[in-house]
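Containing CSV, C-alpha atoms: data08.csv.
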```
chain,number,residue,atom,x,y,z
A,1,MET,CA,29.7,-79.6,3.2
A,2,PHE,CA,28.6,-82.8,4.6
A,3,GLY,CA,28.9,-82.7,8.5
A,4,TYR,CA,29.6,-78.9,8.6
A,5,ARG,CA,26.9,-77.0,10.7
A,6,VAL,CA,26.5,-73.3,11.2
A,7,PRO,CA,24.1,-71.7,13.8
A,8,ALA,CA,21.9,-68.8,13.0
A,9,PRO,CA,22.8,-65.3,14.4
A,10,ASP,CA,20.2,-65.6,17.2
A,11,GLN,CA,21.0,-69.2,18.0
A,12,ALA,CA,23.6,-71.1,20.0
A,13,MET,CA,24.7,-74.5,18.6
A,14,LEU,CA,25.1,-77.2,21.2
A,15,ILE,CA,27.2,-80.2,20.2
A,16,SER,CA,27.0,-83.3,22.4
A,17,GLY,CA,29.1,-86.4,22.2
A,18,GLY,CA,32.8,-86.6,22.3
A,19,ARG,CA,34.6,-84.5,24.8
A,20,ARG,CA,32.7,-82.3,27.3
A,21,GLY,CA,32.2,-78.6,27.1
A,22,GLN,CA,33.3,-75.7,29.4
A,23,GLY,CA,32.9,-76.4,33.2
A,24,GLY,CA,32.1,-80.0,32.7
A,25,ALA,CA,29.0,-79.3,30.6
A,26,PRO,CA,27.6,-82.3,28.7
A,27,PHE,CA,27.9,-80.3,25.4
A,28,ARG,CA,30.1,-77.8,23.7
A,29,VAL,CA,28.6,-74.3,22.8
A,30,VAL,CA,29.3,-72.7,19.4
A,31,THR,CA,28.0,-69.2,18.5
A,32,GLY,CA,28.8,-66.9,15.6
A,33,HIS,CA,30.6,-69.4,13.4
A,34,GLY,CA,30.3,-72.9,11.9
A,35,LYS,CA,31.7,-76.2,13.1
A,36,PHE,CA,32.5,-79.6,11.5
A,37,VAL,CA,30.4,-82.2,13.2
A,38,LEU,CA,31.0,-85.9,12.7
A,39,PRO,CA,27.8,-87.7,11.8
A,40,VAL,CA,26.6,-90.5,14.1
A,41,PHE,CA,29.3,-89.7,16.6
A,42,ARG,CA,28.1,-86.2,17.4
A,43,LYS,CA,24.7,-84.7,17.9
A,44,VAL,CA,23.8,-81.1,17.3
A,45,ARG,CA,20.9,-79.1,18.9
A,46,PHE,CA,20.1,-75.3,18.7
A,47,LEU,CA,19.0,-73.0,21.5
A,48,THR,CA,17.4,-69.7,20.7
A,49,LEU,CA,19.0,-66.5,21.8
A,50,ALA,CA,16.2,-64.3,20.5
A,51,MET,CA,14.0,-62.0,22.7
A,52,CYS,CA,11.1,-63.7,24.4
A,53,GLU,CA,8.0,-62.4,26.1
A,54,ALA,CA,6.1,-63.4,29.2
A,55,GLU,CA,2.8,-62.0,30.5
A,56,VAL,CA,1.7,-61.9,34.1
A,57,ALA,CA,-1.8,-61.3,35.4
A,58,GLU,CA,-1.6,-61.8,39.2
A,59,LYS,CA,-4.0,-61.0,42.0
A,60,CYS,CA,-2.1,-59.4,44.8
A,61,VAL,CA,-3.0,-58.0,48.3
A,62,THR,CA,-1.5,-54.7,49.4
A,63,ARG,CA,-0.4,-53.8,52.8
A,64,GLN,CA,-3.8,-52.3,53.4
A,65,GLY,CA,-5.5,-55.6,52.6
A,66,ILE,CA,-6.9,-54.4,49.3
A,67,ALA,CA,-6.8,-57.0,46.5
A,68,LEU,CA,-5.4,-55.8,43.2
A,69,THR,CA,-5.0,-57.4,39.8
A,70,VAL,CA,-1.7,-56.5,38.4
A,71,ARG,CA,-0.9,-57.1,34.7
A,72,ALA,CA,2.8,-57.0,33.6
A,73,VAL,CA,4.9,-57.8,30.5
A,74,ILE,CA,8.4,-59.2,30.9
A,75,ALA,CA,11.0,-59.1,28.0
A,76,PHE,CA,13.8,-61.6,28.5
A,77,LYS,CA,16.3,-63.8,26.7
A,78,VAL,CA,19.0,-66.3,27.2
A,79,GLY,CA,22.3,-64.7,28.2
A,80,ASN,CA,25.0,-64.4,25.5
A,81,ASP,CA,27.8,-65.8,27.7
A,82,THR,CA,28.6,-69.5,27.7
A,83,GLU,CA,27.5,-70.1,31.3
A,84,SER,CA,24.0,-68.7,30.7
A,85,ILE,CA,23.7,-70.7,27.5
A,86,VAL,CA,24.8,-73.9,29.3
A,87,ASN,CA,22.3,-73.2,32.2
A,88,ALA,CA,19.4,-72.4,29.9
A,89,GLY,CA,20.3,-75.4,27.6
A,90,GLN,CA,20.3,-77.9,30.4
A,91,ARG,CA,16.8,-76.6,31.5
A,92,PHE,CA,14.9,-75.6,28.4
A,93,LEU,CA,16.7,-77.3,25.4
A,94,SER,CA,14.0,-80.0,25.0
A,95,ASP,CA,11.1,-77.6,25.6
A,96,GLN,CA,12.1,-73.9,25.0
A,97,ASP,CA,8.5,-72.6,25.5
A,98,GLN,CA,8.9,-73.4,29.2
A,99,MET,CA,11.2,-70.3,29.5
A,100,SER,CA,8.1,-68.0,29.2
A,101,VAL,CA,6.0,-70.0,31.6
A,102,LEU,CA,8.7,-70.3,34.2
A,103,THR,CA,9.6,-66.6,33.9
A,104,GLY,CA,6.0,-65.5,34.3
A,105,ARG,CA,5.7,-67.6,37.5
A,106,ILE,CA,8.9,-66.2,38.9
A,107,PHE,CA,7.7,-62.6,38.4
A,108,ALA,CA,4.3,-63.4,39.7
A,109,GLY,CA,5.7,-64.5,43.0
A,110,HIS,CA,7.9,-61.5,43.3
A,111,LEU,CA,5.0,-59.2,42.4
A,112,ARG,CA,2.9,-60.6,45.2
A,113,SER,CA,5.8,-60.3,47.6
A,114,ILE,CA,6.6,-56.7,46.7
A,115,ILE,CA,3.0,-55.4,46.4
A,116,GLY,CA,2.2,-56.9,49.8
A,117,SER,CA,4.7,-54.5,51.3
A,118,MET,CA,3.3,-51.4,49.5
A,119,THR,CA,0.1,-49.3,49.7
A,120,VAL,CA,-2.3,-48.8,46.8
A,121,GLU,CA,-1.2,-45.2,46.6
A,122,GLU,CA,2.4,-46.2,46.3
A,123,ILE,CA,1.6,-48.8,43.8
A,124,VAL,CA,-0.4,-46.4,41.7
A,125,THR,CA,1.9,-43.4,41.9
A,126,GLU,CA,5.2,-45.3,41.8
A,127,ARG,CA,4.9,-47.9,39.2
A,128,GLN,CA,8.5,-47.6,38.1
A,129,LYS,CA,9.7,-48.2,41.6
A,130,LEU,CA,7.6,-51.4,41.7
A,131,ALA,CA,9.0,-52.6,38.5
A,132,THR,CA,12.6,-51.8,39.6
A,133,GLU,CA,12.2,-53.7,42.8
A,134,VAL,CA,10.7,-56.7,41.0
A,135,LEU,CA,13.6,-56.8,38.6
A,136,GLU,CA,16.2,-56.5,41.4
A,137,THR,CA,14.7,-59.4,43.4
A,138,SER,CA,14.2,-61.7,40.4
A,139,LYS,CA,17.7,-61.1,38.9
A,140,THR,CA,19.4,-63.8,40.9
A,141,GLU,CA,16.8,-66.4,40.2
A,142,MET,CA,16.7,-65.6,36.5
A,143,ALA,CA,20.5,-65.8,36.3
A,144,LYS,CA,20.5,-69.3,37.7
A,145,ILE,CA,18.4,-70.5,34.9
A,146,GLY,CA,20.5,-68.6,32.3
A,147,LEU,CA,18.0,-65.9,31.6
A,148,ILE,CA,18.3,-62.1,31.7
A,149,VAL,CA,15.4,-59.6,31.8
A,150,ASP,CA,15.6,-56.6,29.5
A,151,SER,CA,12.5,-54.8,30.8
A,152,LEU,CA,9.4,-55.1,33.0
A,153,GLN,CA,6.3,-53.0,32.2
A,154,ILE,CA,3.3,-52.7,34.6
A,155,GLN,CA,0.5,-52.5,32.2
A,156,SER,CA,-2.5,-52.1,34.6
A,157,ILE,CA,-3.6,-52.2,38.2
A,158,ASP,CA,-7.2,-53.0,38.9
A,159,ASP,CA,-9.0,-53.1,42.3
A,160,GLY,CA,-12.1,-54.9,40.9
A,161,ASP,CA,-15.3,-53.8,42.5
A,162,THR,CA,-13.9,-52.2,45.6
A,163,GLY,CA,-13.7,-48.8,44.0
A,164,TYR,CA,-10.7,-47.8,46.1
A,165,ILE,CA,-8.6,-46.6,43.3
A,166,GLU,CA,-11.5,-44.6,41.9
A,167,ALA,CA,-12.2,-43.2,45.4
A,168,MET,CA,-8.6,-42.4,45.7
A,169,SER,CA,-8.6,-40.6,42.4
A,170,ALA,CA,-11.8,-38.7,43.3
A,171,PRO,CA,-10.1,-35.7,44.9
A,172,HIS,CA,-7.7,-35.7,42.0
A,173,LYS,CA,-10.6,-36.0,39.6
A,174,ALA,CA,-12.4,-33.1,41.5
A,175,ALA,CA,-9.2,-31.0,41.4
A,176,ILE,CA,-8.7,-31.9,37.8
A,177,GLN,CA,-12.4,-31.1,37.1
A,178,ARG,CA,-12.0,-27.9,39.0
A,179,GLN,CA,-8.9,-27.0,37.2
A,180,ALA,CA,-10.6,-28.0,34.0
A,181,GLN,CA,-13.5,-25.7,34.9
A,182,ILE,CA,-11.2,-23.0,35.8
A,183,ALA,CA,-9.3,-23.5,32.6
A,184,GLN,CA,-12.6,-23.6,30.8
A,185,ALA,CA,-13.7,-20.4,32.5
A,186,LYS,CA,-10.3,-18.8,31.7
A,187,ALA,CA,-10.6,-20.0,28.2
A,188,THR,CA,-14.2,-18.6,28.0
A,189,GLN,CA,-13.0,-15.4,29.5
A,190,ALA,CA,-10.1,-15.2,27.2
A,191,SER,CA,-12.4,-16.0,24.3
A,192,VAL,CA,-14.8,-13.3,25.4
A,193,GLU,CA,-11.9,-10.8,25.8
A,194,ALA,CA,-10.6,-11.9,22.5
A,195,GLN,CA,-14.0,-11.3,20.9
A,196,GLN,CA,-14.3,-8.0,22.7
A,197,GLU,CA,-10.8,-7.1,21.6
A,198,ALA,CA,-11.6,-8.2,18.1
A,199,ALA,CA,-14.8,-6.1,18.2
A,200,ARG,CA,-12.8,-3.1,19.5
A,201,ASN,CA,-10.2,-3.7,16.8
A,202,GLN,CA,-12.9,-4.0,14.2
A,203,ALA,CA,-14.5,-0.8,15.5
A,204,GLU,CA,-11.2,1.0,15.5
A,205,TYR,CA,-10.5,-0.3,12.1
A,206,SER,CA,-13.9,0.9,11.0
A,207,ARG,CA,-13.3,4.3,12.6
A,208,GLN,CA,-9.9,4.5,10.9
A,209,THR,CA,-11.4,3.4,7.7
A,210,ALA,CA,-14.1,6.0,8.0
A,211,VAL,CA,-11.5,8.7,8.8
A,212,VAL,CA,-9.4,7.7,5.9
A,213,GLN,CA,-12.4,7.6,3.6
A,214,ALA,CA,-13.4,11.1,4.9
A,215,GLU,CA,-9.9,12.3,4.3
A,216,TYR,CA,-9.9,10.8,0.9
A,217,SER,CA,-13.3,12.3,0.2
A,218,ALA,CA,-12.2,15.7,1.4
A,219,GLU,CA,-9.0,15.4,-0.6
A,220,VAL,CA,-11.1,14.5,-3.7
A,221,ASP,CA,-13.4,17.4,-3.0
A,222,ARG,CA,-10.4,19.8,-2.7
A,223,ALA,CA,-9.0,18.3,-5.9
A,224,GLN,CA,-12.3,18.7,-7.7
A,225,ALA,CA,-12.7,22.3,-6.4
A,226,HIS,CA,-9.1,23.1,-7.3
A,227,ALA,CA,-9.8,21.6,-10.7
A,228,ALA,CA,-13.0,23.6,-11.0
A,229,GLN,CA,-11.2,26.7,-10.1
A,230,ALA,CA,-8.2,25.9,-12.3
A,231,GLY,CA,-10.0,27.1,-15.4
A,232,PRO,CA,-11.2,30.5,-14.1
A,233,LEU,CA,-7.9,31.0,-12.3
A,234,ALA,CA,-5.9,30.2,-15.4
A,235,GLN,CA,-8.2,32.5,-17.4
A,236,ALA,CA,-7.8,35.3,-14.8
A,237,ASN,CA,-4.0,34.7,-14.7
A,238,ALA,CA,-4.0,34.9,-18.5
A,239,GLN,CA,-6.0,38.1,-18.4
A,240,ARG,CA,-3.8,39.5,-15.7
A,241,GLU,CA,-0.7,38.6,-17.8
A,242,VAL,CA,-2.4,40.2,-20.9
A,243,LEU,CA,-3.2,43.4,-18.8
A,244,ALA,CA,0.4,43.4,-17.5
A,245,ALA,CA,1.7,43.0,-21.0
A,246,GLN,CA,-0.6,45.7,-22.3
A,247,THR,CA,0.4,48.0,-19.4
A,248,GLU,CA,4.0,47.4,-20.1
A,249,LEU,CA,3.4,48.0,-23.8
A,250,ALA,CA,1.6,51.3,-22.9
A,251,GLU,CA,4.4,52.3,-20.6
A,252,ARG,CA,6.9,51.5,-23.4
A,253,ARG,CA,4.8,53.5,-25.9
A,254,ALA,CA,4.6,56.4,-23.4
A,255,GLN,CA,8.4,56.3,-22.9
A,256,LEU,CA,8.9,56.1,-26.6
A,257,ARG,CA,6.5,59.0,-27.2
A,258,GLN,CA,8.3,61.0,-24.4
A,259,GLN,CA,11.6,60.2,-26.1
A,260,GLU,CA,10.0,61.2,-29.5
A,261,LEU,CA,8.7,64.5,-27.9
A,262,VAL,CA,12.1,65.1,-26.4
A,263,ALA,CA,13.7,64.5,-29.8
A,264,GLU,CA,11.1,66.5,-31.7
A,265,VAL,CA,10.4,69.4,-29.4
A,266,VAL,CA,12.8,69.7,-26.4
A,267,LYS,CA,16.0,68.9,-28.2
A,268,PRO,CA,15.3,71.2,-31.1
A,269,ALA,CA,14.2,74.0,-28.6
A,270,GLU,CA,17.4,73.4,-26.5
A,271,ALA,CA,19.4,73.4,-29.7
A,272,GLU,CA,17.7,76.6,-30.8
A,273,ALA,CA,18.2,78.2,-27.4
A,274,GLU,CA,21.8,77.1,-27.4
A,275,ARG,CA,22.2,78.5,-30.9
A,276,ILE,CA,20.6,81.8,-29.9
A,277,LYS,CA,22.8,81.9,-26.8
A,278,LEU,CA,25.9,81.2,-28.9
A,279,LEU,CA,24.8,83.9,-31.4
A,280,ALA,CA,24.2,86.3,-28.5
A,281,LEU,CA,27.6,85.5,-27.0
A,282,ALA,CA,29.2,85.8,-30.4
A,283,GLU,CA,27.4,89.1,-30.9
A,284,ALA,CA,28.5,90.4,-27.5
A,285,GLU,CA,32.0,89.2,-28.1
A,286,ARG,CA,31.9,90.9,-31.5
A,287,MET,CA,30.7,94.1,-30.0
A,288,LYS,CA,33.3,93.9,-27.3
A,289,ILE,CA,36.0,93.3,-29.8
A,290,GLN,CA,34.6,96.2,-31.9
A,291,ALA,CA,34.5,98.4,-28.8
A,292,GLU,CA,38.0,97.4,-27.8
A,293,ALA,CA,39.1,97.9,-31.4
A,294,ALA,CA,37.4,101.3,-31.4
A,295,ALA,CA,38.9,102.2,-28.1
A,296,SER,CA,42.3,101.0,-29.4
A,297,TYR,CA,41.8,103.0,-32.5
A,298,ASP,CA,40.9,106.1,-30.5
A,299,ARG,CA,44.0,105.6,-28.3
A,300,VAL,CA,46.1,105.2,-31.4
A,301,ALA,CA,44.5,108.3,-32.9
A,302,LEU,CA,45.1,110.2,-29.7
A,303,ASP,CA,48.6,109.0,-29.4
A,304,ARG,CA,49.2,110.1,-32.9
A,305,MET,CA,47.6,113.4,-32.1
A,306,LEU,CA,49.7,113.8,-29.0
A,307,ILE,CA,52.8,112.8,-30.8
A,308,ASP,CA,52.0,115.2,-33.5
A,309,GLN,CA,51.4,117.9,-30.8
A,310,LEU,CA,54.4,117.0,-28.8
A,311,PRO,CA,56.8,119.3,-30.8
A,312,GLN,CA,54.3,122.1,-30.4
A,313,ILE,CA,54.1,121.5,-26.7
A,314,VAL,CA,57.8,121.5,-26.4
A,315,LYS,CA,58.0,124.5,-28.5
A,316,GLU,CA,55.5,126.3,-26.4
A,317,ALA,CA,57.4,125.4,-23.3
A,318,SER,CA,60.6,126.6,-24.8
A,319,ALA,CA,58.9,129.8,-25.9
A,320,GLY,CA,57.9,130.3,-22.3
A,321,LEU,CA,61.4,130.0,-21.3
A,322,ALA,CA,62.5,132.6,-23.7
A,323,ASN,CA,61.1,135.4,-21.6
A,324,ALA,CA,62.2,133.9,-18.3
A,325,ASN,CA,65.2,134.6,-16.3
A,326,VAL,CA,67.1,131.4,-16.5
A,327,ASN,CA,70.6,130.9,-15.0
A,328,ILE,CA,72.6,128.1,-16.4
A,329,LEU,CA,75.0,127.0,-13.7
A,330,ASN,CA,77.0,124.3,-15.4
A,331,GLY,CA,77.4,125.6,-18.9
A,332,THR,CA,76.7,123.4,-21.9
A,333,ASP,CA,75.8,120.4,-19.8
A,334,GLY,CA,73.3,122.4,-17.9
A,335,LEU,CA,71.7,123.6,-21.1
A,336,GLY,CA,71.4,120.0,-22.3
A,337,GLU,CA,69.7,119.0,-19.1
A,338,VAL,CA,67.2,121.8,-19.5
A,339,ALA,CA,66.3,120.7,-23.0
A,340,ALA,CA,66.1,117.1,-21.9
A,341,GLY,CA,63.8,118.1,-19.0
A,342,LEU,CA,61.5,119.8,-21.4
A,343,VAL,CA,61.3,116.7,-23.6
A,344,GLY,CA,60.6,114.6,-20.5
A,345,GLN,CA,57.8,116.9,-19.4
A,346,GLY,CA,56.2,116.4,-22.8
A,347,LEU,CA,56.4,112.6,-22.6
A,348,THR,CA,54.9,112.7,-19.0
A,349,ILE,CA,52.0,114.8,-20.3
A,350,LEU,CA,51.5,112.3,-23.1
A,351,ASP,CA,51.4,109.3,-20.7
A,352,SER,CA,48.9,111.0,-18.4
A,353,VAL,CA,46.7,111.7,-21.4
A,354,ARG,CA,46.7,108.0,-22.3
A,355,ARG,CA,45.8,106.9,-18.8
A,356,ASN,CA,42.8,109.3,-18.6
A,357,LEU,CA,41.6,108.4,-22.0
A,358,GLY,CA,38.7,106.4,-20.7
A,359,SER,CA,37.3,109.2,-18.4
A,360,PRO,CA,34.3,111.3,-19.6
A,361,ASP,CA,36.3,114.5,-19.3
A,362,ALA,CA,39.3,113.2,-21.0
A,363,GLN,CA,38.7,115.1,-24.3
A,364,ASN,CA,37.6,118.3,-22.5
A,365,THR,CA,40.7,118.5,-20.3
A,366,LYS,CA,43.3,117.8,-23.0
A,367,THR,CA,44.2,121.4,-23.4
A,368,ASP,CA,44.2,122.0,-19.6
A,369,LYS,CA,46.4,119.1,-18.9
A,370,ASN,CA,48.8,120.1,-21.6
A,371,GLY,CA,49.0,123.6,-20.1
A,372,ALA,CA,49.4,122.2,-16.6
A,373,ALA,CA,52.0,119.8,-17.7
A,374,ALA,CA,53.8,122.5,-19.5
A,375,SER,CA,53.8,124.8,-16.5
A,376,GLY,CA,54.7,122.1,-14.1
A,377,GLY,CA,57.5,120.9,-16.2
A,378,THR,CA,59.0,124.2,-16.2
A,379,GLN,CA,59.1,124.1,-12.4
A,380,GLY,CA,60.5,120.6,-12.2
A,381,HIS,CA,64.1,121.5,-12.6
A,382,SER,CA,64.4,124.4,-10.2
A,383,GLY,CA,67.4,122.8,-8.7
A,384,ARG,CA,69.3,123.0,-11.8
A,385,VAL,CA,67.7,126.0,-13.6
A,386,GLU,CA,66.7,129.2,-11.9
A,387,ILE,CA,63.7,131.1,-13.4
A,388,GLU,CA,62.9,134.7,-12.2
```

Since I need it in another form, could you write the structure as structure tokens?
Amino acid sequence: MFGYRVPAPDQAMLISGGRRGQGGAPFRVVTGHGKFVLPVFRKVRFLTLAMCEAEVAEKCVTRQGIALTVRAVIAFKVGNDTESIVNAGQRFLSDQDQMSVLTGRIFAGHLRSIIGSMTVEEIVTERQKLATEVLETSKTEMAKIGLIVDSLQIQSIDDGDTGYIEAMSAPHKAAIQRQAQIAQAKATQASVEAQQEAARNQAEYSRQTAVVQAEYSAEVDRAQAHAAQAGPLAQANAQREVLAAQTELAERRAQLRQQELVAEVVKPAEAEAERIKLLALAEAERMKIQAEAAASYDRVALDRMLIDQLPQIVKEASAGLANANVNILNGTDGLGEVAAGLVGQGLTILDSVRRNLGSPDAQNTKTDKNGAAASGGTQGHSGRVEIE
């Protein structure tokens, strides 16, 4: 739109004409937004707020009287607040390049002042301290002209041809060189030790490899020997098994033959012996039975003979009583008792003959016993019959 102006993000728009700005400034400050500006009646100028750079290369004398050339770089810009913009606008709006020139001069003066109070050793070893002191001493002056310093870097410190810094660094260089040599020696020693260790490891590896190869070779030899012996061993085992089988077969044949012999010879012989024994036992039993039968027959015959002779024996006994003097004391009862006694005597004689049947003199003494029995029987009843 005609008359509407907008500053860039890194710019401040300064509008002059009309009413004054803040603090009685001859212009108003606009940042971050646009503004309608009446043409002809208002005038617009732009002040950069971007970062600027100033370089310083200043010869300074230290407290020891040694001249040094110090090179530094200052990074600065116009402050973002309205006061800083007004101060910088009033000083650098027509020629903004002067900000770098003036800043370099300001810092050069402070460098000379601060380096003059320090030794070369402090300047060399404490550069950050030098930069901090320069910033602190220049801050007030920079604020007056609306500038702020973001950083100060000491790039180099040179003593020219005096050689002080080099001499100062000689012990350190020597120490560094010594340390470098020590480090190199240690590195060489470590390298040699590493090589020796590698050689030992290689030798150990070779030894282990040789041992393993020997073991493998021995194992292969054993396997080959075992394989070479496997055939004969298998054949021997097979022959041994055949012999064992043949032996077992022979034993079985012998057992079978023994069983056959037992069945063919021993069993029939035992059976024949048993048969003969049984026949002998049967014959003996038959003879015994025949003997017992014969003896029984003889007894029966004897018994029959005795029984047949019993009446005769009684008769003879009674005939003997006929000539005897017999007194019958109790009449008829006494006579019956005498007769019964005679019969009993005959039976006793018969029983005695039976018991003595088996004696050798049994047949020879039959008559004697019969006579004795008869005579004894006559005497057996003397209490009841009196014979004179």

Set the distance at 12 Å and use all atoms listed in the file: which residues neighbour range 36-47 of chain A once local chain neighbours fewer than 6 positions away are removed? I'd like the list as a ChimeraX atom specification.
/A:1-20,26-30,77-80,82,84-97,99,146

Please, what distance in Å, to one decimal, runs between CA of Ala75 in chain A and CA of Val124 in chain A?
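Rounded to one decimal, the two atoms are 21.9 Å apart.
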
Find the distance between CA of Cys52 in chain A and CA of Ile74 in chain A and write it in Å to one decimal.
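Computed distance, CA of Cys52 in chain A to CA of Ile74 in chain A, equals 8.4 Å.
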
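Among the candidate residues A:Glu55, A:Glu136, A:Glu260, A:Asp308, the one lying nearest to Gln155 in chain A is A:Glu55, with distances computed using all atoms listed in the file.
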
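You can rank A:Ala245, A:Ala67, A:Val134, A:Ile145 by their closest distance to Gln98 in chain A using only C-alpha atoms, and at the top of that list sits A:Ile145.
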
Quick one, how far is CA of Ala72 in chain A from CA of Leu152 in chain A?
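Separation between CA of Ala72 in chain A and CA of Leu152 in chain A: 6.9 Å.
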
Quick one: everything within 12 Å of Met118 in chain A, counting only C-alpha atoms, minus sequence neighbours fewer than 6 positions away in the same chain. Send it as a PyMOL selection string.
chain A and resi 60-68+111-112+124-127+129-130+133

Output range 190-197 of chain A with all heavy atoms present, as a PDB file, in the coordinates of the input.
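This is the output file rebuild-v3.pdb:
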```pdb
ATOM      1  N   ALA A 190     -11.051 -15.635  28.202  1.00  0.00           N
ATOM      2  CA  ALA A 190     -10.100 -15.200  27.200  1.00  0.00           C
ATOM      3  C   ALA A 190     -10.762 -15.127  25.814  1.00  0.00           C
ATOM      4  O   ALA A 190     -10.473 -14.220  25.022  1.00  0.00           O
ATOM      5  CB  ALA A 190      -8.941 -16.241  27.118  1.00  0.00           C
ATOM      6  N   SER A 191     -11.706 -16.093  25.585  1.00  0.00           N
ATOM      7  CA  SER A 191     -12.400 -16.000  24.300  1.00  0.00           C
ATOM      8  C   SER A 191     -13.275 -14.787  24.211  1.00  0.00           C
ATOM      9  O   SER A 191     -13.302 -14.108  23.171  1.00  0.00           O
ATOM     10  CB  SER A 191     -13.285 -17.287  24.155  1.00  0.00           C
ATOM     11  OG  SER A 191     -14.042 -17.231  22.961  1.00  0.00           O
ATOM     12  N   VAL A 192     -13.979 -14.475  25.354  1.00  0.00           N
ATOM     13  CA  VAL A 192     -14.800 -13.300  25.400  1.00  0.00           C
ATOM     14  C   VAL A 192     -13.942 -12.023  25.193  1.00  0.00           C
ATOM     15  O   VAL A 192     -14.263 -11.097  24.418  1.00  0.00           O
ATOM     16  CB  VAL A 192     -15.634 -13.203  26.653  1.00  0.00           C
ATOM     17  CG1 VAL A 192     -16.365 -11.860  26.757  1.00  0.00           C
ATOM     18  CG2 VAL A 192     -16.631 -14.346  26.707  1.00  0.00           C
ATOM     19  N   GLU A 193     -12.826 -11.992  25.939  1.00  0.00           N
ATOM     20  CA  GLU A 193     -11.900 -10.800  25.800  1.00  0.00           C
ATOM     21  C   GLU A 193     -11.371 -10.744  24.407  1.00  0.00           C
ATOM     22  O   GLU A 193     -11.239  -9.637  23.851  1.00  0.00           O
ATOM     23  CB  GLU A 193     -10.776 -10.983  26.820  1.00  0.00           C
ATOM     24  CG  GLU A 193     -11.218 -10.820  28.266  1.00  0.00           C
ATOM     25  CD  GLU A 193     -10.059 -11.023  29.234  1.00  0.00           C
ATOM     26  OE1 GLU A 193      -8.961 -11.397  28.758  1.00  0.00           O
ATOM     27  OE2 GLU A 193     -10.255 -10.808  30.446  1.00  0.00           O
ATOM     28  N   ALA A 194     -11.055 -11.910  23.867  1.00  0.00           N
ATOM     29  CA  ALA A 194     -10.600 -11.900  22.500  1.00  0.00           C
ATOM     30  C   ALA A 194     -11.627 -11.384  21.531  1.00  0.00           C
ATOM     31  O   ALA A 194     -11.348 -10.598  20.615  1.00  0.00           O
ATOM     32  CB  ALA A 194     -10.107 -13.291  22.074  1.00  0.00           C
ATOM     33  N   GLN A 195     -12.892 -11.821  21.778  1.00  0.00           N
ATOM     34  CA  GLN A 195     -14.000 -11.300  20.900  1.00  0.00           C
ATOM     35  C   GLN A 195     -14.179  -9.841  21.110  1.00  0.00           C
ATOM     36  O   GLN A 195     -14.371  -9.106  20.130  1.00  0.00           O
ATOM     37  CB  GLN A 195     -15.269 -12.097  21.278  1.00  0.00           C
ATOM     38  CG  GLN A 195     -15.250 -13.581  20.876  1.00  0.00           C
ATOM     39  CD  GLN A 195     -16.515 -14.311  21.299  1.00  0.00           C
ATOM     40  OE1 GLN A 195     -17.391 -13.724  21.941  1.00  0.00           O
ATOM     41  NE2 GLN A 195     -16.603 -15.588  20.950  1.00  0.00           N
ATOM     42  N   GLN A 196     -14.141  -9.416  22.404  1.00  0.00           N
ATOM     43  CA  GLN A 196     -14.300  -8.000  22.700  1.00  0.00           C
ATOM     44  C   GLN A 196     -13.126  -7.197  22.023  1.00  0.00           C
ATOM     45  O   GLN A 196     -13.331  -6.130  21.427  1.00  0.00           O
ATOM     46  CB  GLN A 196     -14.349  -7.720  24.155  1.00  0.00           C
ATOM     47  CG  GLN A 196     -15.608  -8.262  24.821  1.00  0.00           C
ATOM     48  CD  GLN A 196     -15.591  -8.069  26.324  1.00  0.00           C
ATOM     49  OE1 GLN A 196     -14.587  -7.634  26.901  1.00  0.00           O
ATOM     50  NE2 GLN A 196     -16.718  -8.384  26.974  1.00  0.00           N
ATOM     51  N   GLU A 197     -11.926  -7.741  22.200  1.00  0.00           N
ATOM     52  CA  GLU A 197     -10.800  -7.100  21.600  1.00  0.00           C
ATOM     53  C   GLU A 197     -10.902  -7.054  20.071  1.00  0.00           C
ATOM     54  O   GLU A 197     -10.595  -6.047  19.421  1.00  0.00           O
ATOM     55  CB  GLU A 197      -9.492  -7.831  21.989  1.00  0.00           C
ATOM     56  CG  GLU A 197      -8.208  -7.202  21.456  1.00  0.00           C
ATOM     57  CD  GLU A 197      -7.931  -5.851  22.075  1.00  0.00           C
ATOM     58  OE1 GLU A 197      -8.480  -5.583  23.169  1.00  0.00           O
ATOM     59  OE2 GLU A 197      -7.170  -5.078  21.486  1.00  0.00           O
TER      60      GLU A 197
END
```
